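So this block is input_13.cif, mmCIF, C-alpha atoms and all ligand atoms:
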```cif
data_protein
loop_
_atom_site.label_atom_id
_atom_site.label_comp_id
_atom_site.auth_asym_id
_atom_site.auth_seq_id
_atom_site.Cartn_x
_atom_site.Cartn_y
_atom_site.Cartn_z
CA MET A 1 99.88 86.44 119.00
CA LEU A 2 100.66 84.19 121.90
CA VAL A 3 99.54 80.58 121.87
CA ASN A 4 100.59 78.76 125.03
CA ASN A 5 103.10 81.56 125.63
CA LYS A 6 104.73 81.23 122.21
CA GLU A 7 104.52 83.92 119.53
CA PHE A 8 102.77 82.82 116.29
CA ARG A 9 101.58 84.32 113.04
CA THR A 10 98.88 82.56 111.00
CA VAL A 11 101.13 82.12 107.96
CA TRP A 12 104.81 82.70 107.24
CA MET A 13 107.66 81.64 104.94
CA GLU A 14 110.97 80.29 106.12
CA GLU A 15 113.78 78.75 104.10
CA GLY A 16 111.65 78.27 101.02
CA ARG A 17 108.76 76.66 102.86
CA VAL A 18 105.33 78.14 103.65
CA TYR A 19 103.99 77.40 107.13
CA MET A 20 100.49 77.93 108.47
CA ILE A 21 98.26 77.11 111.43
CA ASP A 22 95.69 74.46 110.48
CA GLN A 23 92.46 76.34 111.27
CA ASN A 24 90.25 73.37 110.44
CA LEU A 25 91.57 71.58 113.52
CA LEU A 26 91.07 74.51 115.90
CA PRO A 27 89.97 74.85 118.65
CA PHE A 28 90.51 71.17 119.40
CA GLU A 29 94.05 70.75 118.12
CA PHE A 30 96.86 73.24 117.39
CA LYS A 31 98.96 72.08 114.46
CA ILE A 32 101.37 73.73 112.03
CA LEU A 33 101.54 72.56 108.41
CA GLY A 34 104.42 73.23 105.98
CA PHE A 35 104.33 73.30 102.16
CA ASN A 36 106.95 73.47 99.38
CA ASP A 37 104.53 73.50 96.49
CA TYR A 38 102.22 76.38 95.51
CA ALA A 39 99.53 73.83 94.56
CA GLU A 40 99.44 72.56 98.16
CA VAL A 41 98.92 76.13 99.39
CA CYS A 42 96.05 76.46 96.88
CA THR A 43 94.42 73.36 98.38
CA ALA A 44 94.90 74.78 101.89
CA ILE A 45 93.17 78.03 100.89
CA ARG A 46 90.34 76.21 99.12
CA ASP A 47 89.62 73.77 101.96
CA MET A 48 89.91 76.58 104.55
CA THR A 49 92.95 75.23 106.37
CA ILE A 50 93.75 78.93 106.18
CA ARG A 51 90.89 81.42 105.87
CA GLY A 52 89.98 85.04 106.55
CA ALA A 53 90.69 87.90 104.15
CA GLY A 54 94.20 88.96 105.24
CA ALA A 55 95.43 85.43 105.93
CA ILE A 56 94.15 84.29 102.52
CA GLY A 57 95.92 87.25 100.93
CA ALA A 58 99.23 86.51 102.65
CA ALA A 59 98.97 82.79 101.86
CA ALA A 60 98.17 83.55 98.22
CA GLY A 61 101.17 85.90 98.05
CA PHE A 62 103.42 83.17 99.44
CA ALA A 63 101.91 80.64 96.98
CA MET A 64 102.73 82.98 94.09
CA ALA A 65 106.28 83.39 95.43
CA LEU A 66 106.66 79.61 95.75
CA ALA A 67 105.57 79.25 92.13
CA PHE A 68 108.41 81.57 91.03
CA VAL A 69 110.86 79.51 93.09
CA GLN A 70 109.48 76.28 91.60
CA ALA A 71 109.53 77.71 88.07
CA LYS A 72 113.28 77.27 87.77
CA ASP A 73 114.09 74.61 85.14
CA LYS A 74 110.50 74.71 83.85
CA ASN A 75 108.82 76.52 81.00
CA THR A 76 108.67 79.62 83.17
CA ASP A 77 105.97 81.73 81.50
CA SER A 78 103.36 79.03 81.14
CA PHE A 79 104.13 77.56 84.61
CA ILE A 80 103.79 80.96 86.29
CA GLY A 81 100.69 81.90 84.29
CA LYS A 82 98.98 78.63 85.21
CA ALA A 83 100.01 79.02 88.86
CA ARG A 84 98.54 82.52 89.02
CA GLN A 85 95.26 81.30 87.54
CA GLU A 86 95.08 78.41 90.03
CA ILE A 87 95.82 80.64 93.01
CA GLU A 88 93.24 83.24 91.93
CA ALA A 89 90.61 80.53 91.49
CA THR A 90 90.86 79.27 95.08
CA ARG A 91 88.48 81.79 96.75
CA PRO A 92 86.75 84.44 94.63
CA THR A 93 85.45 86.98 97.17
CA ALA A 94 88.37 88.03 99.44
CA TYR A 95 90.00 90.94 97.62
CA ASN A 96 93.29 90.65 99.55
CA LEU A 97 94.01 87.48 97.56
CA PHE A 98 94.01 89.34 94.22
CA TYR A 99 95.86 92.31 95.73
CA ALA A 100 98.68 90.05 96.97
CA VAL A 101 98.93 87.85 93.88
CA GLU A 102 99.26 90.87 91.59
CA LYS A 103 101.98 92.48 93.68
CA VAL A 104 104.01 89.26 94.01
CA PHE A 105 103.54 88.45 90.32
CA ASP A 106 104.91 91.86 89.33
CA ALA A 107 107.89 91.45 91.70
CA GLY A 108 108.51 87.94 90.34
CA MET A 109 109.04 89.45 86.87
CA ARG A 110 112.34 90.74 88.31
CA SER A 111 113.41 87.55 90.14
CA ALA A 112 112.15 84.74 92.35
CA ALA A 113 113.97 86.34 95.29
CA ALA A 114 112.07 89.60 94.69
CA ALA A 115 108.79 87.64 94.68
CA VAL A 116 109.61 86.08 98.06
CA GLN A 117 110.60 89.44 99.48
CA GLU A 118 107.37 91.06 98.24
CA ALA A 119 105.26 88.24 99.73
CA ARG A 120 107.01 88.72 103.08
CA GLN A 121 106.39 92.49 102.92
CA ILE A 122 102.70 91.94 102.23
CA ALA A 123 102.45 89.67 105.30
CA ASP A 124 104.33 92.20 107.46
CA LYS A 125 102.14 95.04 106.20
CA ASP A 126 99.00 93.05 106.97
CA ALA A 127 100.16 92.55 110.58
CA GLY A 128 101.11 96.23 110.94
CA ASP A 129 97.83 97.45 109.41
CA SER A 130 95.85 95.24 111.79
CA GLN A 131 97.74 96.64 114.77
CA ARG A 132 97.00 100.22 113.65
CA ILE A 133 93.32 99.35 113.10
CA GLY A 134 93.29 98.17 116.71
CA ARG A 135 94.67 101.48 117.98
CA TYR A 136 92.11 103.57 116.07
CA GLY A 137 89.22 101.23 116.80
CA SER A 138 89.87 100.99 120.53
CA GLU A 139 89.09 104.73 120.82
CA LEU A 140 85.50 103.92 119.82
CA ILE A 141 85.08 101.43 122.66
CA GLY A 142 83.82 102.86 125.94
CA ASN A 143 84.30 101.31 129.35
CA ASN A 144 81.75 98.57 130.17
CA SER A 145 80.86 97.99 126.52
CA GLY A 146 78.92 95.08 125.06
CA ILE A 147 80.32 94.34 121.60
CA GLY A 148 78.82 92.06 118.96
CA THR A 149 80.97 90.29 116.37
CA HIS A 150 80.28 87.99 113.46
CA CYS A 151 82.52 85.29 111.97
CA ASN A 152 86.21 85.51 112.81
CA ALA A 153 88.12 88.65 112.02
CA GLY A 154 90.69 88.12 114.72
CA TRP A 155 94.38 87.36 114.30
CA LEU A 156 93.64 83.96 112.77
CA ALA A 157 91.89 85.68 109.87
CA PHE A 158 94.91 87.95 109.25
CA VAL A 159 98.63 87.54 109.70
CA ASP A 160 98.47 88.91 113.25
CA TYR A 161 96.18 91.04 115.52
CA GLY A 162 93.16 90.83 113.20
CA THR A 163 90.74 93.58 112.27
CA ALA A 164 87.40 93.40 114.13
CA LEU A 165 89.07 91.86 117.19
CA SER A 166 92.15 94.10 117.18
CA PRO A 167 90.27 97.11 118.70
CA ILE A 168 88.89 94.72 121.31
CA TYR A 169 92.39 93.44 122.20
CA HIS A 170 93.67 97.01 122.43
CA ALA A 171 90.73 98.21 124.58
CA HIS A 172 91.12 95.20 126.88
CA ALA A 173 94.87 95.84 127.20
CA ALA A 174 94.07 99.47 128.08
CA GLY A 175 92.04 98.20 131.03
CA LYS A 176 88.54 98.75 129.64
CA GLU A 177 85.82 96.37 130.84
CA LEU A 178 84.04 94.72 127.94
CA PHE A 179 81.95 91.73 127.01
CA VAL A 180 81.88 90.20 123.54
CA PHE A 181 78.81 88.53 122.01
CA VAL A 182 80.27 85.95 119.62
CA ASP A 183 77.81 84.47 117.19
CA GLU A 184 78.44 80.94 115.99
CA THR A 185 78.58 81.79 112.26
CA ARG A 186 77.18 78.68 110.69
CA PRO A 187 78.03 76.70 108.68
CA ARG A 188 81.80 76.74 109.38
CA SER A 189 81.37 78.15 112.90
CA GLN A 190 84.27 80.60 112.71
CA GLY A 191 82.71 82.50 115.63
CA ALA A 192 82.08 79.54 117.93
CA ARG A 193 85.37 77.84 117.08
CA LEU A 194 87.91 80.54 116.22
CA THR A 195 86.77 83.86 117.71
CA ALA A 196 85.83 82.14 120.96
CA TRP A 197 89.20 80.33 121.04
CA GLU A 198 91.08 83.58 120.45
CA LEU A 199 89.15 85.44 123.16
CA ASN A 200 89.74 82.55 125.54
CA GLN A 201 93.49 82.71 124.85
CA ALA A 202 93.42 86.47 125.52
CA GLY A 203 91.27 86.17 128.66
CA ILE A 204 88.56 88.48 127.30
CA PRO A 205 85.04 87.96 128.72
CA HIS A 206 82.66 86.66 126.07
CA ALA A 207 79.85 84.23 125.31
CA VAL A 208 79.00 82.26 122.20
CA ILE A 209 75.44 82.91 121.05
CA VAL A 210 73.47 81.21 118.29
CA ASP A 211 73.38 82.96 114.96
CA ASN A 212 69.83 84.21 115.35
CA ALA A 213 70.24 85.67 118.87
CA MET A 214 72.11 88.96 118.26
CA ALA A 215 68.95 91.01 117.61
CA ALA A 216 67.44 89.78 120.88
CA PHE A 217 70.54 90.90 122.83
CA MET A 218 70.41 94.23 120.99
CA ALA A 219 66.74 94.63 121.97
CA GLN A 220 67.72 94.06 125.62
CA GLY A 221 70.23 96.92 125.40
CA LYS A 222 73.21 94.62 125.93
CA VAL A 223 75.00 95.33 122.65
CA ASP A 224 76.50 98.84 122.46
CA MET A 225 78.25 98.37 119.14
CA MET A 226 78.94 95.85 116.39
CA ILE A 227 82.41 95.41 114.85
CA VAL A 228 82.83 93.07 111.90
CA GLY A 229 85.52 92.48 109.28
CA ALA A 230 85.28 92.61 105.50
CA ASP A 231 86.29 90.39 102.62
CA ARG A 232 85.89 93.04 99.92
CA ILE A 233 84.79 96.66 100.07
CA ALA A 234 83.47 98.24 96.88
CA ALA A 235 84.45 101.78 95.89
CA ASN A 236 81.06 103.09 97.10
CA GLY A 237 81.56 101.60 100.59
CA ASP A 238 79.35 98.49 100.20
CA VAL A 239 80.86 95.66 102.24
CA ALA A 240 81.03 91.95 101.40
CA ASN A 241 81.51 89.89 104.56
CA LYS A 242 80.57 86.49 105.94
CA ILE A 243 76.96 85.48 105.29
CA GLY A 244 74.80 86.82 108.10
CA THR A 245 76.55 90.19 108.34
CA LEU A 246 73.73 91.92 106.46
CA GLU A 247 71.05 90.87 108.93
CA LYS A 248 73.22 92.03 111.87
CA ALA A 249 73.62 95.42 110.15
CA ILE A 250 69.87 95.70 109.58
CA ALA A 251 69.18 94.84 113.23
CA ALA A 252 71.84 97.30 114.46
CA ASN A 253 70.35 100.02 112.29
CA TYR A 254 66.85 99.33 113.67
CA PHE A 255 68.12 99.66 117.25
CA ASN A 256 70.40 102.65 116.50
CA ILE A 257 73.51 100.70 117.41
CA PRO A 258 76.76 101.73 115.65
CA PHE A 259 77.83 99.18 113.05
CA TYR A 260 81.58 99.36 112.34
CA VAL A 261 83.56 97.53 109.68
CA ALA A 262 87.27 97.07 110.43
CA ALA A 263 89.44 96.47 107.38
CA PRO A 264 92.79 97.51 105.89
CA SER A 265 92.89 99.53 102.65
CA SER A 266 94.12 96.33 100.89
CA THR A 267 90.50 95.06 101.19
CA ILE A 268 89.11 97.95 99.13
CA ASP A 269 88.55 97.10 95.49
CA TRP A 270 88.55 100.51 93.80
CA ASN A 271 87.68 98.91 90.47
CA CYS A 272 84.47 97.51 91.87
CA LYS A 273 81.77 100.20 91.69
CA SER A 274 79.27 98.70 94.12
CA GLY A 275 78.41 95.56 96.06
CA ASN A 276 76.33 94.30 93.12
CA ALA A 277 79.56 93.63 91.21
CA ILE A 278 81.14 91.48 93.95
CA THR A 279 81.35 87.77 93.17
CA ILE A 280 79.86 85.81 96.06
CA GLU A 281 81.48 82.44 96.62
CA GLN A 282 79.02 79.53 96.65
CA ARG A 283 80.40 76.71 98.79
CA ASP A 284 79.56 73.04 98.91
CA GLU A 285 76.24 72.05 100.47
CA THR A 286 77.99 69.48 102.69
CA GLU A 287 79.17 72.38 104.91
CA VAL A 288 75.51 73.00 105.82
CA LEU A 289 74.27 69.42 105.88
CA TYR A 290 77.07 68.03 108.09
CA GLN A 291 79.01 69.18 111.13
CA ASN A 292 82.21 67.74 112.57
CA GLY A 293 84.03 67.70 115.87
CA PRO A 294 85.47 65.43 118.52
CA ASP A 295 83.47 63.30 120.95
CA LYS A 296 84.26 63.26 124.68
CA ASP A 297 87.19 60.90 123.99
CA GLY A 298 88.65 63.27 121.41
CA ILE A 299 87.74 61.11 118.40
CA ARG A 300 86.56 63.25 115.49
CA HIS A 301 83.26 62.50 113.76
CA THR A 302 81.23 64.00 110.96
CA ILE A 303 77.50 63.93 111.61
CA MET A 304 74.47 64.86 109.53
CA VAL A 305 72.50 67.76 111.01
CA CYS A 306 69.78 68.29 108.38
CA SER A 307 66.95 66.23 107.03
CA PRO A 308 68.37 63.47 104.76
CA GLY A 309 67.43 64.15 101.16
CA SER A 310 67.20 67.93 101.51
CA VAL A 311 69.56 70.05 99.46
CA ALA A 312 71.30 73.09 100.97
CA LEU A 313 72.18 76.50 99.56
CA ASN A 314 75.49 77.83 100.84
CA PRO A 315 76.47 81.36 99.79
CA ALA A 316 79.58 82.19 101.85
CA PHE A 317 79.16 85.98 101.91
CA ASP A 318 76.56 88.72 101.71
CA VAL A 319 76.76 92.42 100.91
CA THR A 320 75.90 95.11 103.45
CA PRO A 321 75.02 98.42 101.77
CA ALA A 322 77.22 101.35 102.76
CA SER A 323 74.15 103.13 104.16
CA LEU A 324 74.07 100.63 107.05
CA VAL A 325 77.77 101.04 107.90
CA THR A 326 78.49 103.69 110.55
CA ALA A 327 82.19 103.90 109.58
CA ILE A 328 85.14 101.86 108.39
CA ILE A 329 88.10 101.48 110.76
CA THR A 330 91.22 101.42 108.60
CA GLU A 331 94.97 101.48 109.24
CA HIS A 332 94.93 105.22 108.40
CA GLY A 333 91.98 106.21 110.56
CA ILE A 334 88.22 105.97 110.78
CA VAL A 335 86.49 106.85 107.54
CA LYS A 336 82.96 107.26 106.23
CA ALA A 337 81.81 104.30 104.11
CA ASP A 338 81.59 106.15 100.82
CA THR A 339 83.93 106.93 97.94
CA GLU A 340 84.81 110.42 99.15
CA GLY A 341 85.32 109.33 102.76
CA MET A 342 87.55 106.41 101.81
CA ARG A 343 89.54 108.30 99.16
CA SER A 344 90.18 111.31 101.42
CA VAL A 345 92.16 109.17 103.82
CA LEU A 346 93.38 106.22 101.83
CA MET A 347 94.53 107.48 98.43
O1 LIG B 1 85.12 82.17 104.64
P1 LIG B 1 86.15 82.78 105.52
O2 LIG B 1 86.28 82.16 106.87
O3 LIG B 1 87.46 82.98 104.83
O4 LIG B 1 85.51 84.20 105.76
C1 LIG B 1 86.23 85.33 105.94
C2 LIG B 1 85.97 85.85 107.24
O5 LIG B 1 86.63 85.45 108.16
C3 LIG B 1 84.93 86.83 107.48
O6 LIG B 1 84.10 87.16 106.49
C4 LIG B 1 85.46 87.95 108.28
O7 LIG B 1 84.43 88.48 109.03
C5 LIG B 1 86.13 89.07 107.51
S1 LIG B 1 87.63 88.70 106.82
C6 LIG B 1 88.66 88.41 108.07
#
```
I need this file expressed as structure tokens, please.
Amino acid sequence: MLVNNKEFRTVWMEEGRVYMIDQNLLPFEFKILGFNDYAEVCTAIRDMTIRGAGAIGAAAGFAMALAFVQAKDKNTDSFIGKARQEIEATRPTAYNLFYAVEKVFDAGMRSAAAAVQEARQIADKDAGDSQRIGRYGSELIGNNSGIGTHCNAGWLAFVDYGTALSPIYHAHAAGKELFVFVDETRPRSQGARLTAWELNQAGIPHAVIVDNAMAAFMAQGKVDMMIVGADRIAANGDVANKIGTLEKAIAANYFNIPFYVAAPSSTIDWNCKSGNAITIEQRDETEVLYQNGPDKDGIRHTIMVCSPGSVALNPAFDVTPASLVTAIITEHGIVKADTEGMRSVLM
């Protein structure tokens, strides 16, 4: 995607170094970080320097590849085994992470070069899948549509293009008029900070709304469809996505508004029978209790936004039952959110 007229991916590997856009600084500062050590990439995933299902998957694949490169001259088996465990422990919900680590690990059994090549292929595939999701998804978008989104499932959350935003980019490029309702997505504000920044860069009309406003805009007839991403899809079509997705799906269902999930097949965990079996990441309460950002002079501050002394609960994801999902937009086409629907197209 273009940032100030220059082409960028969210994460890539070049000459043995892994590079990524620092998403914690966006939208206020655009900075690229580079790492030689898999453990540094683990920290970046954990602290959300890089986040979003596909981007986490690609970064984890590159981390695994780095570990194979680093393993030279070390006790290879125990070093690689420990590295794999550390990478897999960074974020438990996004399935793309486990998908990528397994593939790169298997390739690394042949050679470190094969691991690097596999990690690059996973990143390229993620970008290509997102582009194809955009082509299929844009067919669902009519002219003059109001579209609701949640969290960020744009190109920053993948290697390029994104999932939920990719159909929107494609429809906009095809000349369709549209307006995007971007909810803030507390506590990390991926909607207000990242989705809004992406849409600004692309010149797509949108407004940031508070997290509890989507149902009101639906009731006014302004939202024609919802498109969200997914962090893990169970074999029965249940969808784990950023906390708050479930209540958007319930509201959409009440108002008879189509609720689409856009995700590549690498997000489907066929071994997971239903949403009940998905591990939901519990994040630190400080994300809820404090907010950060620059003042008018650009100096960054962290401020408390809750009553001192209160504790906070911070589940990062929720599970939307398949029955509330109109369809899943995949790289192979639009499928029903159930085992048969997904298998018929994807396996
Ligand atoms: O916690 P994050 O920012 O890594 O959350 C992932 C997400 O961006 C969302 O859940 C998204 O809607 C789907 S995955 C791109």
Which residue of A:Val18, A:Ala312, A:Met214, A:Leu25 approaches Val180 in chain A most closely, using all atoms listed in the file: A:Met214
Close residues, range 165-171 of chain A itself excluded, 9 Å, all atoms listed in the file, min 5 positions apart in chain, as a VMD selection string: chain A and resid 130 to 143 147 149 152 to 155 176 to 178 180 195 199 202 204 227 to 229 262
For the residues in the current selection, export C-alpha atoms as a tab-separated table (two decimals), keeping the file's coordinate frame.
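Listing of result.tsv after writing:
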```
chain	number	residue	atom	x	y	z
A	130	SER	CA	95.85	95.24	111.79
A	131	GLN	CA	97.74	96.64	114.77
A	132	ARG	CA	97.00	100.22	113.65
A	133	ILE	CA	93.32	99.35	113.10
A	134	GLY	CA	93.29	98.17	116.71
A	135	ARG	CA	94.67	101.48	117.98
A	136	TYR	CA	92.11	103.57	116.07
A	137	GLY	CA	89.22	101.23	116.80
A	138	SER	CA	89.87	100.99	120.53
A	139	GLU	CA	89.09	104.73	120.82
A	140	LEU	CA	85.50	103.92	119.82
A	141	ILE	CA	85.08	101.43	122.66
A	142	GLY	CA	83.82	102.86	125.94
A	143	ASN	CA	84.30	101.31	129.35
A	147	ILE	CA	80.32	94.34	121.60
A	149	THR	CA	80.97	90.29	116.37
A	152	ASN	CA	86.21	85.51	112.81
A	153	ALA	CA	88.12	88.65	112.02
A	154	GLY	CA	90.69	88.12	114.72
A	155	TRP	CA	94.38	87.36	114.30
A	176	LYS	CA	88.54	98.75	129.64
A	177	GLU	CA	85.82	96.37	130.84
A	178	LEU	CA	84.04	94.72	127.94
A	180	VAL	CA	81.88	90.20	123.54
A	195	THR	CA	86.77	83.86	117.71
A	199	LEU	CA	89.15	85.44	123.16
A	202	ALA	CA	93.42	86.47	125.52
A	204	ILE	CA	88.56	88.48	127.30
A	227	ILE	CA	82.41	95.41	114.85
A	228	VAL	CA	82.83	93.07	111.90
A	229	GLY	CA	85.52	92.48	109.28
A	262	ALA	CA	87.27	97.07	110.43
```
Surrounding residues as an mmCIF file with C-alpha atoms, keeping the file's coordinate frame, ligand LIG 1 (chain B), max 7 Å, all atoms listed in the file:
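For reference, pocket-v6.cif as written:
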```
data_model
loop_
_atom_site.group_PDB
_atom_site.id
_atom_site.type_symbol
_atom_site.label_atom_id
_atom_site.label_comp_id
_atom_site.auth_asym_id
_atom_site.auth_seq_id
_atom_site.Cartn_x
_atom_site.Cartn_y
_atom_site.Cartn_z
ATOM 1 C CA MET A 48 89.910 76.580 104.550
ATOM 2 C CA ARG A 51 90.890 81.420 105.870
ATOM 3 C CA GLY A 52 89.980 85.040 106.550
ATOM 4 C CA ALA A 53 90.690 87.900 104.150
ATOM 5 C CA GLY A 54 94.200 88.960 105.240
ATOM 6 C CA HIS A 150 80.280 87.990 113.460
ATOM 7 C CA CYS A 151 82.520 85.290 111.970
ATOM 8 C CA ASN A 152 86.210 85.510 112.810
ATOM 9 C CA ALA A 153 88.120 88.650 112.020
ATOM 10 C CA GLY A 154 90.690 88.120 114.720
ATOM 11 C CA ALA A 157 91.890 85.680 109.870
ATOM 12 C CA PHE A 158 94.910 87.950 109.250
ATOM 13 C CA THR A 163 90.740 93.580 112.270
ATOM 14 C CA GLN A 190 84.270 80.600 112.710
ATOM 15 C CA VAL A 228 82.830 93.070 111.900
ATOM 16 C CA GLY A 229 85.520 92.480 109.280
ATOM 17 C CA ALA A 230 85.280 92.610 105.500
ATOM 18 C CA ASP A 231 86.290 90.390 102.620
ATOM 19 C CA ASN A 241 81.510 89.890 104.560
ATOM 20 C CA LYS A 242 80.570 86.490 105.940
ATOM 21 C CA ALA A 316 79.580 82.190 101.850
ATOM 22 C CA PHE A 317 79.160 85.980 101.910
#
```
Of the listed residues A:Cys42, A:Ile329, A:Ile56, A:Val239, that which approaches Ile87 in chain A most closely, counting all atoms listed in the file: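 Closest to Ile87 in chain A of all the choices is A:Cys42.
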Distance query Asn24 in chain A at most 9 Å, all atoms listed in the file, self and fewer than 4 positions along chain excluded, as a ChimeraX atom specification: /A:29,47-50
Written selection (C-alpha atoms) as an mmCIF file, in the coordinates of the input:
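Saved as selection-v8.cif:
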```
data_model
loop_
_atom_site.group_PDB
_atom_site.id
_atom_site.type_symbol
_atom_site.label_atom_id
_atom_site.label_comp_id
_atom_site.auth_asym_id
_atom_site.auth_seq_id
_atom_site.Cartn_x
_atom_site.Cartn_y
_atom_site.Cartn_z
ATOM 1 C CA GLU A 29 94.050 70.750 118.120
ATOM 2 C CA ASP A 47 89.620 73.770 101.960
ATOM 3 C CA MET A 48 89.910 76.580 104.550
ATOM 4 C CA THR A 49 92.950 75.230 106.370
ATOM 5 C CA ILE A 50 93.750 78.930 106.180
#
```
10 Å contact set for Val3 in chain A, only C-alpha atoms, chain neighbours under 2 positions out, as an MDAnalysis selection string: chainID A and resid 1 5:9 30 198 201:202
Which of A:Lys248, A:Arg46, A:His206, A:Lys31 sits closest to Glu86 in chain A [using only C-alpha atoms]: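 The shortest atom-to-atom distance to Glu86 in chain A comes from A:Arg46.
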Point-to-point distance from CA of Ala277 in chain A to CA of Ser323 in chain A, Å rounded to tenths: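 Taking CA of Ala277 in chain A as the start and CA of Ser323 in chain A as the end point, the length is 16.9 Å.
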Pick from A:Met13, A:Ile243, A:Val182, A:Ala39 nearest to Gln85 in chain A, counting all atoms listed in the file: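 The answer is A:Ala39, which sits nearest to Gln85 in chain A.
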Please give the centre and size of the box around range 39-47 of chain A (axis-aligned, containing every atom listed in the file, 3 Å added per side), with values in Å to one decimal and written as JSON.
```
{"center_x": 94.6, "center_y": 75.3, "center_z": 98.3, "size_x": 15.9, "size_y": 11.5, "size_z": 13.4}
```
Of the listed residues A:Tyr161, A:Tyr290, A:Phe68, A:Trp197, that which approaches Pro27 in chain A most closely, counting only C-alpha atoms: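 For Pro27 in chain A, the nearest of the candidates is A:Trp197.
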Point-to-point distance from CA of Pro294 in chain A to CA of Ala207 in chain A, Å rounded to tenths: 20.8 Å
Surrounding residues of Glu88 in chain A excluding itself and chain neighbours under 2 positions, 12 Å, all atoms listed in the file, as a count of residues only: 34
Pick from A:Trp270, A:Ala249, A:Arg186, A:Ala65, whichever lies nearest to Gln291 in chain A using all atoms listed in the file: A:Arg186
Distance of CA of Asp77 in chain A from CA of Asp106 in chain A, expressed in Å to one decimal place: 12.8 Å
Contact residues around Asp224 in chain A with only C-alpha atoms at 7 Å, ignoring same-chain residues under 5 positions, as a ChimeraX atom specification: /A:145-147,257
Neighbours of point (72.8, 65.3, 116.5) within 12 Å, using all atoms listed in the file, written as an MDAnalysis selection string: chainID A and resid 289:293 295 301:307
